[in-house]
$ cat run.cif   # mmCIF, N, CA and C atoms
data_upload
#
loop_
_atom_site.group_PDB
_atom_site.id
_atom_site.type_symbol
_atom_site.label_atom_id
_atom_site.label_comp_id
_atom_site.auth_asym_id
_atom_site.auth_seq_id
_atom_site.Cartn_x
_atom_site.Cartn_y
_atom_site.Cartn_z
ATOM 1 N N MET A 11 -20.589 17.543 4.715
ATOM 2 C CA MET A 11 -19.792 18.583 4.125
ATOM 3 C C MET A 11 -19.253 19.507 5.213
ATOM 4 N N TRP A 12 -20.013 19.709 6.257
ATOM 5 C CA TRP A 12 -19.606 20.607 7.331
ATOM 6 C C TRP A 12 -18.255 20.219 7.908
ATOM 7 N N LEU A 13 -18.052 18.942 8.213
ATOM 8 C CA LEU A 13 -16.775 18.523 8.792
ATOM 9 C C LEU A 13 -15.614 18.776 7.841
ATOM 10 N N ALA A 14 -15.827 18.598 6.562
ATOM 11 C CA ALA A 14 -14.757 18.777 5.581
ATOM 12 C C ALA A 14 -14.341 20.235 5.431
ATOM 13 N N THR A 15 -15.217 21.153 5.756
ATOM 14 C CA THR A 15 -14.919 22.572 5.563
ATOM 15 C C THR A 15 -14.752 23.335 6.870
ATOM 16 N N SER A 16 -14.782 22.646 7.997
ATOM 17 C CA SER A 16 -14.634 23.307 9.290
ATOM 18 C C SER A 16 -13.243 23.053 9.863
ATOM 19 N N THR A 17 -12.972 23.631 11.026
ATOM 20 C CA THR A 17 -11.642 23.562 11.623
ATOM 21 C C THR A 17 -11.582 22.534 12.741
ATOM 22 N N PRO A 18 -10.734 21.494 12.584
ATOM 23 C CA PRO A 18 -10.602 20.507 13.653
ATOM 24 C C PRO A 18 -10.032 21.152 14.909
ATOM 25 N N GLY A 19 -10.536 20.726 16.045
ATOM 26 C CA GLY A 19 -10.079 21.269 17.314
ATOM 27 C C GLY A 19 -10.806 22.544 17.705
ATOM 28 N N THR A 20 -11.386 23.220 16.727
ATOM 29 C CA THR A 20 -12.156 24.435 16.999
ATOM 30 C C THR A 20 -13.646 24.155 16.840
ATOM 31 N N ASP A 21 -14.005 23.617 15.684
ATOM 32 C CA ASP A 21 -15.410 23.339 15.384
ATOM 33 C C ASP A 21 -15.838 21.937 15.790
ATOM 34 N N TRP A 22 -14.877 21.037 15.906
ATOM 35 C CA TRP A 22 -15.186 19.648 16.252
ATOM 36 C C TRP A 22 -13.952 18.957 16.798
ATOM 37 N N THR A 23 -14.177 17.824 17.478
ATOM 38 C CA THR A 23 -13.103 17.040 18.079
ATOM 39 C C THR A 23 -12.819 15.817 17.220
ATOM 40 N N SER A 24 -11.565 15.621 16.886
ATOM 41 C CA SER A 24 -11.162 14.475 16.081
ATOM 42 C C SER A 24 -11.524 13.165 16.779
ATOM 43 N N GLY A 25 -12.013 12.207 16.007
ATOM 44 C CA GLY A 25 -12.365 10.902 16.550
ATOM 45 C C GLY A 25 -13.782 10.807 17.075
ATOM 46 N N GLN A 26 -14.472 11.905 17.142
ATOM 47 C CA GLN A 26 -15.853 11.942 17.644
ATOM 48 C C GLN A 26 -16.812 11.656 16.493
ATOM 49 N N TYR A 27 -17.933 11.013 16.773
ATOM 50 C CA TYR A 27 -18.989 10.789 15.780
ATOM 51 C C TYR A 27 -19.917 11.994 15.820
ATOM 52 N N TYR A 28 -20.293 12.503 14.655
ATOM 53 C CA TYR A 28 -21.176 13.668 14.586
ATOM 54 C C TYR A 28 -22.402 13.372 13.740
ATOM 55 N N ALA A 29 -23.514 13.926 14.158
ATOM 56 C CA ALA A 29 -24.767 13.849 13.414
ATOM 57 C C ALA A 29 -25.434 15.212 13.525
ATOM 58 N N ARG A 30 -25.727 15.802 12.402
ATOM 59 C CA ARG A 30 -26.345 17.131 12.364
ATOM 60 C C ARG A 30 -25.524 18.175 13.137
ATOM 61 N N ARG A 31 -24.216 18.122 12.929
ATOM 62 C CA ARG A 31 -23.259 19.071 13.515
ATOM 63 C C ARG A 31 -23.124 18.989 15.029
ATOM 64 N N LYS A 32 -23.592 17.902 15.607
ATOM 65 C CA LYS A 32 -23.488 17.715 17.057
ATOM 66 C C LYS A 32 -22.905 16.335 17.344
ATOM 67 N N PRO A 33 -22.157 16.213 18.448
ATOM 68 C CA PRO A 33 -21.678 14.875 18.821
ATOM 69 C C PRO A 33 -22.865 13.931 18.985
ATOM 70 N N GLY A 34 -22.735 12.754 18.452
ATOM 71 C CA GLY A 34 -23.826 11.789 18.524
ATOM 72 C C GLY A 34 -23.314 10.408 18.871
ATOM 73 N N ARG A 35 -24.224 9.453 18.848
ATOM 74 C CA ARG A 35 -23.876 8.065 19.133
ATOM 75 C C ARG A 35 -24.031 7.259 17.857
ATOM 76 N N PRO A 36 -22.978 6.548 17.466
ATOM 77 C CA PRO A 36 -23.091 5.724 16.260
ATOM 78 C C PRO A 36 -24.005 4.528 16.497
ATOM 79 N N ASN A 37 -24.474 3.954 15.425
ATOM 80 C CA ASN A 37 -25.274 2.743 15.482
ATOM 81 C C ASN A 37 -24.479 1.649 16.194
ATOM 82 N N LYS A 38 -25.156 0.792 16.938
ATOM 83 C CA LYS A 38 -24.486 -0.298 17.661
ATOM 84 C C LYS A 38 -23.627 -1.151 16.732
ATOM 85 N N GLN A 39 -24.073 -1.328 15.512
ATOM 86 C CA GLN A 39 -23.338 -2.157 14.558
ATOM 87 C C GLN A 39 -21.967 -1.566 14.222
ATOM 88 N N ALA A 40 -21.797 -0.272 14.388
ATOM 89 C CA ALA A 40 -20.511 0.365 14.090
ATOM 90 C C ALA A 40 -19.416 -0.117 15.033
ATOM 91 N N ASN A 41 -19.784 -0.610 16.198
ATOM 92 C CA ASN A 41 -18.814 -1.092 17.182
ATOM 93 C C ASN A 41 -18.779 -2.613 17.292
ATOM 94 N N ASP A 42 -19.399 -3.292 16.347
ATOM 95 C CA ASP A 42 -19.466 -4.754 16.362
ATOM 96 C C ASP A 42 -18.225 -5.328 15.679
ATOM 97 N N SER A 43 -17.334 -5.917 16.444
ATOM 98 C CA SER A 43 -16.074 -6.420 15.888
ATOM 99 C C SER A 43 -16.283 -7.582 14.914
ATOM 100 N N VAL A 44 -17.322 -8.381 15.115
ATOM 101 C CA VAL A 44 -17.607 -9.489 14.193
ATOM 102 C C VAL A 44 -18.028 -8.925 12.835
ATOM 103 N N LEU A 45 -18.916 -7.944 12.840
ATOM 104 C CA LEU A 45 -19.332 -7.322 11.580
ATOM 105 C C LEU A 45 -18.164 -6.619 10.904
ATOM 106 N N ALA A 46 -17.318 -5.984 11.691
ATOM 107 C CA ALA A 46 -16.146 -5.303 11.132
ATOM 108 C C ALA A 46 -15.241 -6.303 10.419
ATOM 109 N N GLN A 47 -15.022 -7.444 11.026
ATOM 110 C CA GLN A 47 -14.174 -8.467 10.407
ATOM 111 C C GLN A 47 -14.812 -9.007 9.140
ATOM 112 N N GLN A 48 -16.133 -9.221 9.171
ATOM 113 C CA GLN A 48 -16.834 -9.707 7.981
ATOM 114 C C GLN A 48 -16.733 -8.693 6.843
ATOM 115 N N LEU A 49 -16.872 -7.425 7.170
ATOM 116 C CA LEU A 49 -16.751 -6.374 6.161
ATOM 117 C C LEU A 49 -15.342 -6.351 5.581
ATOM 118 N N TRP A 50 -14.355 -6.443 6.450
ATOM 119 C CA TRP A 50 -12.962 -6.460 5.995
ATOM 120 C C TRP A 50 -12.710 -7.648 5.060
ATOM 121 N N ASP A 51 -13.142 -8.829 5.482
ATOM 122 C CA ASP A 51 -12.936 -10.036 4.677
ATOM 123 C C ASP A 51 -13.623 -9.924 3.318
ATOM 124 N N ARG A 52 -14.842 -9.470 3.320
ATOM 125 C CA ARG A 52 -15.596 -9.342 2.064
ATOM 126 C C ARG A 52 -14.959 -8.299 1.154
ATOM 127 N N SER A 53 -14.532 -7.192 1.724
ATOM 128 C CA SER A 53 -13.880 -6.140 0.935
ATOM 129 C C SER A 53 -12.594 -6.658 0.309
ATOM 130 N N ARG A 54 -11.814 -7.395 1.096
ATOM 131 C CA ARG A 54 -10.567 -7.966 0.595
ATOM 132 C C ARG A 54 -10.846 -8.930 -0.562
ATOM 133 N N GLU A 55 -11.888 -9.751 -0.429
ATOM 134 C CA GLU A 55 -12.263 -10.678 -1.505
ATOM 135 C C GLU A 55 -12.622 -9.926 -2.786
ATOM 136 N N MET A 56 -13.307 -8.815 -2.634
ATOM 137 C CA MET A 56 -13.777 -8.067 -3.799
ATOM 138 C C MET A 56 -12.646 -7.390 -4.569
ATOM 139 N N VAL A 57 -11.563 -7.059 -3.893
ATOM 140 C CA VAL A 57 -10.465 -6.361 -4.576
ATOM 141 C C VAL A 57 -9.281 -7.260 -4.894
ATOM 142 N N SER A 58 -9.331 -8.506 -4.455
ATOM 143 C CA SER A 58 -8.237 -9.442 -4.720
ATOM 144 C C SER A 58 -8.276 -9.941 -6.151
ATOM 145 N N ASP A 59 -7.126 -10.351 -6.628
ATOM 146 C CA ASP A 59 -7.031 -10.918 -7.989
ATOM 147 C C ASP A 59 -7.571 -12.313 -8.027
#

$ encode --input "run.cif" --output "structure tokens"
Amino acid sequence: MWLATSTPGTDWTSGQYYARRKPGRPNKQANDSVLAQQLWDRSREMVSD
């Protein structure tokens, strides 16, 4: 909720990952291109006709 109600560029930097109001490191899986593609493919399957 903090990010949604704070000021970009003043309270936080756009594109940065935050945890507990501080810049943090995302889980390794967040940068896994194979998992990202699998998620995309599965999501597309779920919303397709």

$ residues_around --input "run.cif" --residues "region 36-49 of chain A" --least-positions-apart "6" --cutoff "8 Å" --atoms "only N, CA and C atoms" --output "list in words"
Tyr27, Tyr28 and Glu55 of chain A

$ select_by_dssp --input "run.cif" --residues "chain A" --states "helix (DSSP H, G or I)" --output "number ranges by chain"
A: 12-15, 38-41, 43-57

$ select_by_dssp --input "run.cif" --residues "chain A" --states "strand (DSSP E or B)" --output "PyMOL selection string"
chain A and resi 18+22+28-29+32-33

$ residues_around --input "run.cif" --residues "Trp22 (chain A)" --least-positions-apart "6" --cutoff "12 Å" --atoms "only C-alpha atoms" --output "list in words"
Trp12, Leu13, Ala14, Thr15, Ser16, Tyr28, Ala29, Arg31, Lys32, Pro33 and Gly34 of chain A

$ axis_aligned_box --input "run.cif" --around "region 13-26 of chain A" --padding-each-side "6 Å" --output "JSON"
{"center_x": -14.0, "center_y": 17.6, "center_z": 11.8, "size_x": 20.0, "size_y": 25.6, "size_z": 24.6}

$ atom_distance --input "run.cif" --atom1 "atom N of Thr20 (chain A)" --atom2 "CA of Arg35 (chain A)"
19.8 Å

$ atom_distance --input "run.cif" --atom1 "atom N of Arg30 (chain A)" --atom2 "atom C of Met11 (chain A)"
10.4 Å
